[in-house]
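Text of the file input15.cif, holding mmCIF, N, CA and C atoms:
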data_query
#
loop_
_atom_site.label_atom_id
_atom_site.label_comp_id
_atom_site.auth_asym_id
_atom_site.auth_seq_id
_atom_site.Cartn_x
_atom_site.Cartn_y
_atom_site.Cartn_z
N MET A 1 33.14 20.87 -45.03
CA MET A 1 32.05 21.81 -44.88
C MET A 1 31.34 21.54 -43.55
N GLU A 2 31.00 22.58 -42.85
CA GLU A 2 30.30 22.46 -41.58
C GLU A 2 28.86 22.02 -41.82
N ALA A 3 28.36 21.20 -40.87
CA ALA A 3 26.99 20.70 -40.98
C ALA A 3 25.99 21.85 -40.98
N SER A 4 26.27 22.89 -40.21
CA SER A 4 25.32 24.00 -40.13
C SER A 4 25.17 24.72 -41.47
N ARG A 5 26.16 24.61 -42.35
CA ARG A 5 26.05 25.20 -43.68
C ARG A 5 25.21 24.33 -44.61
N ILE A 6 25.17 23.04 -44.33
CA ILE A 6 24.42 22.10 -45.15
C ILE A 6 22.94 22.14 -44.78
N LEU A 7 22.67 22.16 -43.49
CA LEU A 7 21.30 22.07 -43.00
C LEU A 7 21.13 22.98 -41.79
N ASP A 8 20.21 23.93 -41.87
CA ASP A 8 19.94 24.82 -40.76
C ASP A 8 19.10 24.06 -39.73
N VAL A 9 19.67 23.83 -38.57
CA VAL A 9 18.99 23.04 -37.54
C VAL A 9 18.52 23.89 -36.37
N LYS A 10 18.81 25.19 -36.38
CA LYS A 10 18.49 26.03 -35.24
C LYS A 10 17.02 25.97 -34.84
N GLU A 11 16.15 26.04 -35.80
CA GLU A 11 14.72 26.08 -35.51
C GLU A 11 14.06 24.70 -35.56
N ARG A 12 14.85 23.67 -35.69
CA ARG A 12 14.31 22.31 -35.80
C ARG A 12 14.51 21.54 -34.50
N GLY A 13 13.48 20.80 -34.12
CA GLY A 13 13.57 20.00 -32.91
C GLY A 13 14.11 18.62 -33.20
N PRO A 14 14.46 17.89 -32.13
CA PRO A 14 15.02 16.55 -32.29
C PRO A 14 14.15 15.58 -33.08
N ILE A 15 12.85 15.61 -32.88
CA ILE A 15 11.97 14.69 -33.61
C ILE A 15 12.03 14.97 -35.11
N GLU A 16 12.05 16.24 -35.47
CA GLU A 16 12.12 16.61 -36.88
C GLU A 16 13.45 16.18 -37.52
N LEU A 17 14.50 16.12 -36.71
CA LEU A 17 15.83 15.75 -37.21
C LEU A 17 16.12 14.26 -37.11
N SER A 18 15.16 13.49 -36.61
CA SER A 18 15.41 12.06 -36.35
C SER A 18 15.66 11.26 -37.63
N LYS A 19 15.09 11.66 -38.74
CA LYS A 19 15.29 10.91 -39.99
C LYS A 19 16.76 10.92 -40.42
N ILE A 20 17.42 12.05 -40.23
CA ILE A 20 18.85 12.10 -40.55
C ILE A 20 19.68 11.68 -39.34
N GLY A 21 19.12 11.83 -38.16
CA GLY A 21 19.81 11.41 -36.94
C GLY A 21 19.96 9.91 -36.82
N ASP A 22 19.01 9.16 -37.36
CA ASP A 22 19.05 7.70 -37.28
C ASP A 22 20.32 7.12 -37.92
N PRO A 23 20.60 7.40 -39.19
CA PRO A 23 21.84 6.86 -39.77
C PRO A 23 23.10 7.45 -39.13
N PHE A 24 23.01 8.70 -38.68
CA PHE A 24 24.16 9.32 -38.02
C PHE A 24 24.51 8.57 -36.73
N VAL A 25 23.52 8.30 -35.91
CA VAL A 25 23.75 7.59 -34.65
C VAL A 25 24.23 6.16 -34.91
N ASN A 26 23.65 5.50 -35.90
CA ASN A 26 24.12 4.15 -36.23
C ASN A 26 25.58 4.18 -36.71
N PHE A 27 25.95 5.22 -37.44
CA PHE A 27 27.33 5.38 -37.90
C PHE A 27 28.30 5.54 -36.73
N VAL A 28 28.01 6.48 -35.83
CA VAL A 28 28.95 6.69 -34.71
C VAL A 28 28.97 5.49 -33.78
N TYR A 29 27.83 4.81 -33.63
CA TYR A 29 27.79 3.60 -32.80
C TYR A 29 28.64 2.50 -33.44
N SER A 30 28.53 2.33 -34.74
CA SER A 30 29.35 1.33 -35.43
C SER A 30 30.83 1.64 -35.33
N LEU A 31 31.19 2.90 -35.47
CA LEU A 31 32.59 3.29 -35.31
C LEU A 31 33.08 3.01 -33.89
N ALA A 32 32.28 3.37 -32.90
CA ALA A 32 32.66 3.18 -31.50
C ALA A 32 32.78 1.70 -31.16
N LEU A 33 31.83 0.91 -31.62
CA LEU A 33 31.86 -0.52 -31.36
C LEU A 33 33.06 -1.17 -32.07
N SER A 34 33.34 -0.74 -33.29
CA SER A 34 34.51 -1.23 -34.02
C SER A 34 35.79 -0.92 -33.25
N LYS A 35 35.87 0.29 -32.71
CA LYS A 35 37.04 0.67 -31.93
C LYS A 35 37.15 -0.16 -30.65
N ALA A 36 36.01 -0.39 -30.01
CA ALA A 36 36.00 -1.12 -28.74
C ALA A 36 36.37 -2.59 -28.90
N ILE A 37 35.94 -3.21 -29.99
CA ILE A 37 36.20 -4.65 -30.15
C ILE A 37 37.33 -4.94 -31.14
N HIS A 38 37.94 -3.88 -31.66
CA HIS A 38 39.12 -3.98 -32.52
C HIS A 38 38.89 -4.73 -33.83
N ARG A 39 37.69 -4.56 -34.39
CA ARG A 39 37.40 -5.09 -35.73
C ARG A 39 36.20 -4.34 -36.28
N PRO A 40 36.14 -4.16 -37.59
CA PRO A 40 35.04 -3.38 -38.17
C PRO A 40 33.70 -4.09 -38.09
N VAL A 41 32.70 -3.36 -37.62
CA VAL A 41 31.33 -3.87 -37.57
C VAL A 41 30.38 -2.75 -37.97
N GLY A 42 29.22 -3.14 -38.42
CA GLY A 42 28.15 -2.20 -38.71
C GLY A 42 26.92 -2.63 -37.94
N LYS A 43 26.51 -1.83 -36.98
CA LYS A 43 25.38 -2.19 -36.12
C LYS A 43 24.39 -1.04 -36.04
N LYS A 44 23.15 -1.40 -35.82
CA LYS A 44 22.10 -0.43 -35.57
C LYS A 44 21.83 -0.38 -34.08
N VAL A 45 21.46 0.77 -33.61
CA VAL A 45 21.12 0.96 -32.21
C VAL A 45 19.61 0.80 -32.06
N SER A 46 19.19 -0.02 -31.13
CA SER A 46 17.75 -0.23 -30.94
C SER A 46 17.13 0.94 -30.19
N ASN A 47 15.84 1.15 -30.43
CA ASN A 47 15.10 2.17 -29.70
C ASN A 47 15.06 1.86 -28.21
N LYS A 48 15.08 0.59 -27.87
CA LYS A 48 15.10 0.19 -26.45
C LYS A 48 16.33 0.76 -25.75
N ILE A 49 17.49 0.64 -26.39
CA ILE A 49 18.73 1.16 -25.81
C ILE A 49 18.66 2.68 -25.69
N LEU A 50 18.23 3.36 -26.74
CA LEU A 50 18.17 4.81 -26.72
C LEU A 50 17.15 5.33 -25.72
N LYS A 51 16.01 4.68 -25.62
CA LYS A 51 14.99 5.07 -24.65
C LYS A 51 15.51 4.95 -23.23
N GLU A 52 16.15 3.84 -22.93
CA GLU A 52 16.67 3.62 -21.58
C GLU A 52 17.78 4.62 -21.26
N ALA A 53 18.64 4.91 -22.23
CA ALA A 53 19.70 5.90 -22.02
C ALA A 53 19.11 7.28 -21.75
N LEU A 54 18.04 7.64 -22.46
CA LEU A 54 17.37 8.92 -22.24
C LEU A 54 16.83 9.00 -20.82
N THR A 55 16.24 7.93 -20.35
CA THR A 55 15.70 7.88 -18.99
C THR A 55 16.81 8.00 -17.96
N ARG A 56 17.87 7.22 -18.13
CA ARG A 56 18.98 7.22 -17.16
C ARG A 56 19.74 8.54 -17.14
N SER A 57 19.74 9.24 -18.25
CA SER A 57 20.46 10.51 -18.32
C SER A 57 19.67 11.66 -17.69
N LYS A 58 18.46 11.36 -17.26
CA LYS A 58 17.57 12.35 -16.64
C LYS A 58 17.08 13.41 -17.62
N LEU A 59 17.07 13.06 -18.91
CA LEU A 59 16.59 13.98 -19.94
C LEU A 59 15.22 13.59 -20.49
N ARG A 60 14.62 12.57 -19.92
CA ARG A 60 13.37 12.02 -20.42
C ARG A 60 12.26 13.08 -20.51
N GLU A 61 12.19 13.97 -19.53
CA GLU A 61 11.11 14.97 -19.52
C GLU A 61 11.17 15.90 -20.72
N GLN A 62 12.37 16.13 -21.25
CA GLN A 62 12.51 17.02 -22.41
C GLN A 62 11.79 16.49 -23.64
N ALA A 63 11.62 15.18 -23.71
CA ALA A 63 11.00 14.57 -24.89
C ALA A 63 9.49 14.71 -24.90
N GLY A 64 8.91 15.14 -23.80
CA GLY A 64 7.46 15.28 -23.71
C GLY A 64 6.79 14.00 -23.25
N SER A 65 5.54 14.12 -22.90
CA SER A 65 4.81 12.97 -22.37
C SER A 65 4.14 12.17 -23.49
N ARG A 66 3.69 11.01 -23.13
CA ARG A 66 2.96 10.13 -24.05
C ARG A 66 3.74 9.81 -25.32
N ARG A 67 4.95 9.41 -25.13
CA ARG A 67 5.81 9.04 -26.26
C ARG A 67 6.06 7.54 -26.23
N SER A 68 6.03 6.93 -27.39
CA SER A 68 6.32 5.50 -27.50
C SER A 68 7.84 5.29 -27.45
N LYS A 69 8.24 4.03 -27.32
CA LYS A 69 9.66 3.68 -27.33
C LYS A 69 10.30 4.18 -28.63
N GLY A 70 9.60 4.03 -29.74
CA GLY A 70 10.10 4.50 -31.03
C GLY A 70 10.27 6.00 -31.08
N ASP A 71 9.28 6.72 -30.53
CA ASP A 71 9.36 8.18 -30.49
C ASP A 71 10.55 8.64 -29.66
N LEU A 72 10.78 7.95 -28.54
CA LEU A 72 11.89 8.33 -27.66
C LEU A 72 13.23 8.02 -28.32
N GLY A 73 13.30 6.91 -29.04
CA GLY A 73 14.51 6.60 -29.80
C GLY A 73 14.77 7.67 -30.86
N ASP A 74 13.71 8.06 -31.56
CA ASP A 74 13.82 9.13 -32.56
C ASP A 74 14.30 10.43 -31.92
N TYR A 75 13.78 10.73 -30.75
CA TYR A 75 14.16 11.96 -30.05
C TYR A 75 15.67 11.96 -29.78
N VAL A 76 16.19 10.84 -29.27
CA VAL A 76 17.62 10.74 -28.97
C VAL A 76 18.45 10.89 -30.25
N GLU A 77 18.03 10.23 -31.31
CA GLU A 77 18.75 10.33 -32.59
C GLU A 77 18.82 11.78 -33.08
N GLY A 78 17.69 12.47 -33.00
CA GLY A 78 17.65 13.87 -33.41
C GLY A 78 18.47 14.76 -32.50
N LEU A 79 18.44 14.48 -31.22
CA LEU A 79 19.20 15.26 -30.23
C LEU A 79 20.71 15.15 -30.48
N ILE A 80 21.18 13.94 -30.72
CA ILE A 80 22.61 13.74 -30.97
C ILE A 80 23.01 14.39 -32.29
N PHE A 81 22.20 14.19 -33.33
CA PHE A 81 22.51 14.82 -34.62
C PHE A 81 22.54 16.34 -34.49
N LYS A 82 21.57 16.90 -33.81
CA LYS A 82 21.48 18.36 -33.66
C LYS A 82 22.72 18.89 -32.95
N ALA A 83 23.17 18.20 -31.91
CA ALA A 83 24.37 18.63 -31.19
C ALA A 83 25.58 18.64 -32.12
N TRP A 84 25.69 17.61 -32.97
CA TRP A 84 26.79 17.56 -33.92
C TRP A 84 26.66 18.68 -34.96
N ALA A 85 25.48 18.85 -35.52
CA ALA A 85 25.26 19.85 -36.57
C ALA A 85 25.49 21.27 -36.05
N GLU A 86 25.25 21.49 -34.78
CA GLU A 86 25.48 22.81 -34.18
C GLU A 86 26.93 22.99 -33.73
N GLY A 87 27.75 21.95 -33.88
CA GLY A 87 29.15 22.03 -33.50
C GLY A 87 29.42 21.88 -32.02
N ARG A 88 28.44 21.38 -31.28
CA ARG A 88 28.62 21.19 -29.83
C ARG A 88 29.35 19.89 -29.50
N VAL A 89 29.44 18.99 -30.48
CA VAL A 89 30.13 17.72 -30.30
C VAL A 89 30.65 17.29 -31.67
N THR A 90 31.77 16.58 -31.68
CA THR A 90 32.31 16.08 -32.94
C THR A 90 32.05 14.58 -33.04
N ILE A 91 32.26 14.05 -34.22
CA ILE A 91 32.14 12.60 -34.39
C ILE A 91 33.18 11.91 -33.50
N ASP A 92 34.39 12.47 -33.45
CA ASP A 92 35.43 11.89 -32.58
C ASP A 92 35.00 11.89 -31.11
N ASP A 93 34.34 12.98 -30.67
CA ASP A 93 33.84 13.03 -29.29
C ASP A 93 32.85 11.89 -29.05
N CYS A 94 31.90 11.75 -29.96
CA CYS A 94 30.87 10.71 -29.83
C CYS A 94 31.50 9.33 -29.79
N VAL A 95 32.41 9.06 -30.71
CA VAL A 95 33.06 7.75 -30.78
C VAL A 95 33.86 7.50 -29.50
N GLY A 96 34.58 8.50 -29.04
CA GLY A 96 35.37 8.35 -27.83
C GLY A 96 34.54 8.06 -26.61
N ILE A 97 33.48 8.81 -26.42
CA ILE A 97 32.60 8.62 -25.27
C ILE A 97 31.94 7.24 -25.32
N LEU A 98 31.41 6.88 -26.48
CA LEU A 98 30.74 5.58 -26.60
C LEU A 98 31.72 4.42 -26.45
N SER A 99 32.88 4.50 -27.09
CA SER A 99 33.80 3.35 -27.09
C SER A 99 34.39 3.06 -25.72
N ARG A 100 34.56 4.10 -24.90
CA ARG A 100 35.08 3.87 -23.54
C ARG A 100 34.22 2.89 -22.77
N THR A 101 32.93 3.06 -22.86
CA THR A 101 32.01 2.18 -22.12
C THR A 101 31.75 0.89 -22.87
N LEU A 102 31.69 0.94 -24.19
CA LEU A 102 31.42 -0.26 -24.98
C LEU A 102 32.51 -1.31 -24.84
N SER A 103 33.71 -0.88 -24.55
CA SER A 103 34.81 -1.84 -24.43
C SER A 103 34.62 -2.76 -23.23
N ARG A 104 33.73 -2.40 -22.32
CA ARG A 104 33.46 -3.23 -21.14
C ARG A 104 32.46 -4.35 -21.41
N GLY A 105 31.62 -4.22 -22.44
CA GLY A 105 30.58 -5.20 -22.70
C GLY A 105 30.90 -6.10 -23.86
N ALA A 106 30.79 -7.39 -23.67
CA ALA A 106 31.15 -8.35 -24.72
C ALA A 106 30.01 -8.60 -25.69
N LYS A 107 29.08 -9.45 -25.32
CA LYS A 107 27.98 -9.83 -26.21
C LYS A 107 26.67 -9.89 -25.45
N GLY A 108 25.60 -10.01 -26.21
CA GLY A 108 24.27 -10.22 -25.63
C GLY A 108 23.87 -9.15 -24.64
N LYS A 109 23.41 -9.58 -23.47
CA LYS A 109 22.92 -8.66 -22.44
C LYS A 109 24.03 -7.74 -21.95
N GLU A 110 25.26 -8.25 -21.89
CA GLU A 110 26.38 -7.40 -21.47
C GLU A 110 26.58 -6.25 -22.45
N ARG A 111 26.52 -6.54 -23.74
CA ARG A 111 26.68 -5.48 -24.75
C ARG A 111 25.50 -4.53 -24.70
N GLU A 112 24.31 -5.05 -24.51
CA GLU A 112 23.13 -4.18 -24.41
C GLU A 112 23.28 -3.21 -23.25
N GLU A 113 23.67 -3.72 -22.09
CA GLU A 113 23.85 -2.87 -20.92
C GLU A 113 24.98 -1.86 -21.14
N ALA A 114 26.07 -2.31 -21.75
CA ALA A 114 27.18 -1.40 -22.05
C ALA A 114 26.73 -0.31 -23.03
N SER A 115 25.90 -0.68 -24.00
CA SER A 115 25.39 0.29 -24.97
C SER A 115 24.50 1.32 -24.30
N ILE A 116 23.65 0.87 -23.40
CA ILE A 116 22.79 1.81 -22.66
C ILE A 116 23.66 2.78 -21.86
N SER A 117 24.64 2.24 -21.15
CA SER A 117 25.55 3.07 -20.35
C SER A 117 26.32 4.05 -21.23
N ALA A 118 26.77 3.58 -22.39
CA ALA A 118 27.53 4.43 -23.30
C ALA A 118 26.69 5.60 -23.80
N PHE A 119 25.46 5.32 -24.22
CA PHE A 119 24.59 6.41 -24.69
C PHE A 119 24.15 7.31 -23.55
N THR A 120 24.01 6.77 -22.36
CA THR A 120 23.72 7.60 -21.19
C THR A 120 24.86 8.59 -20.99
N ASP A 121 26.09 8.12 -21.07
CA ASP A 121 27.26 9.00 -20.93
C ASP A 121 27.26 10.08 -22.01
N LEU A 122 26.96 9.69 -23.25
CA LEU A 122 26.94 10.66 -24.35
C LEU A 122 25.86 11.71 -24.12
N LEU A 123 24.67 11.29 -23.73
CA LEU A 123 23.58 12.24 -23.50
C LEU A 123 23.91 13.19 -22.34
N ARG A 124 24.52 12.68 -21.29
CA ARG A 124 24.94 13.54 -20.18
C ARG A 124 25.97 14.57 -20.64
N HIS A 125 26.84 14.15 -21.54
CA HIS A 125 27.85 15.06 -22.09
C HIS A 125 27.17 16.18 -22.89
N LEU A 126 26.10 15.85 -23.57
CA LEU A 126 25.40 16.85 -24.40
C LEU A 126 24.54 17.79 -23.57
N ALA A 127 24.15 17.37 -22.39
CA ALA A 127 23.22 18.16 -21.55
C ALA A 127 23.85 19.44 -21.05
#
What is this file in structure tokens?
Amino acid sequence: MEASRILDVKERGPIELSKIGDPFVNFVYSLALSKAIHRPVGKKVSNKILKEALTRSKLREQAGSRRSKGDLGDYVEGLIFKAWAEGRVTIDDCVGILSRTLSRGAKGKEREEASISAFTDLLRHLA
């Protein structure tokens, strides 16, 4: 079943969709990271990573002014979910885009930087 049949997202903004976008983004990130490191993992994406990716993708202004790191993370989660629900991107697209960059980063700061770059690439793809 198509996501648009389950939930009408046309009139909903990214912040409103962030509650369902949060687990969705963590799911595709976990799949992409599992693919990149060749073993199953379940990881959450930090708001710090999502906020930085939003800034680097040059989409920060769309989120509005006076937003906290958490608000910006929520915005990205809702934006990615909305793109999927509208059929503009598939889960396979998200996993593919993220895993290409994630395979370059090992652990710690390297993985954090790779994650920021990966989400920047995904956001640019959605723009």
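Distance-wise, atom CA of Tyr29 of chain A and atom CA of Val89 of chain A end up 14.5 Å apart.
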Open item on the list: Selection in question (the file shown): the PyMOL selection byres (((chain A and resi 20 and name CA) around 10) and name CA). Which residues does it include, as a VMD selection string?
Closed with: chain A and resid 16 to 19 21 to 25 74 77 to 78 81 to 82
Open item on the list: Using Å and a single decimal, report how far atom CA of Arg124 of chain A sits from atom CA of Pro40 of chain A.
Closed with: 26.7 Å
Specify the axis-aligned box that encloses all atoms of segment 42-50 of chain A listed in the file after padding of 8 Å on each side, stating its centre and edge lengths in Å to one decimal as AutoDock Vina command-line options.
--center_x 22.1 --center_y 1.1 --center_z -32.2 --size_x 30.2 --size_y 24.5 --size_z 29.0
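Within the file as shown, the PyMOL selection byres ((chain A and resi 43-50) around 7) identifies Val25, Asn26, Phe27, Tyr29, Ser30, Leu31, Val41, Gly42, Lys51, Glu52, Ala53, Leu54, Thr55, Lys69, Gly70, Leu72, Gly73, Asp74, Val76, Glu112, Ser115, Ile116 and Phe119 of chain A.
Between atom C of Glu61 of chain A and atom N of Ile15 of chain A the separation is 12.3 Å.
Proximity to Tyr75 of chain A was assessed for A:Pro14, A:Leu123, A:Gly87, A:Glu113 counting only N, CA and C atoms; the smallest distance is recorded for A:Pro14.
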Open item on the list: Please enumerate the residues selected by the PyMOL selection byres ((chain A and resi 98) around 7) when evaluated against the supplied file, formatted as a ChimeraX atom specification.
Closed with: /A:32-33,93-97,99-103,118-119,121-122
- [ ] Would you mind writing down, as a ChimeraX atom specification, each residue of chain A that DSSP on the backbone assigns to helix (DSSP H, G or I)?
- [x] /A:3-6,18-37,47-56,60-63,69-85,91-102,108-126
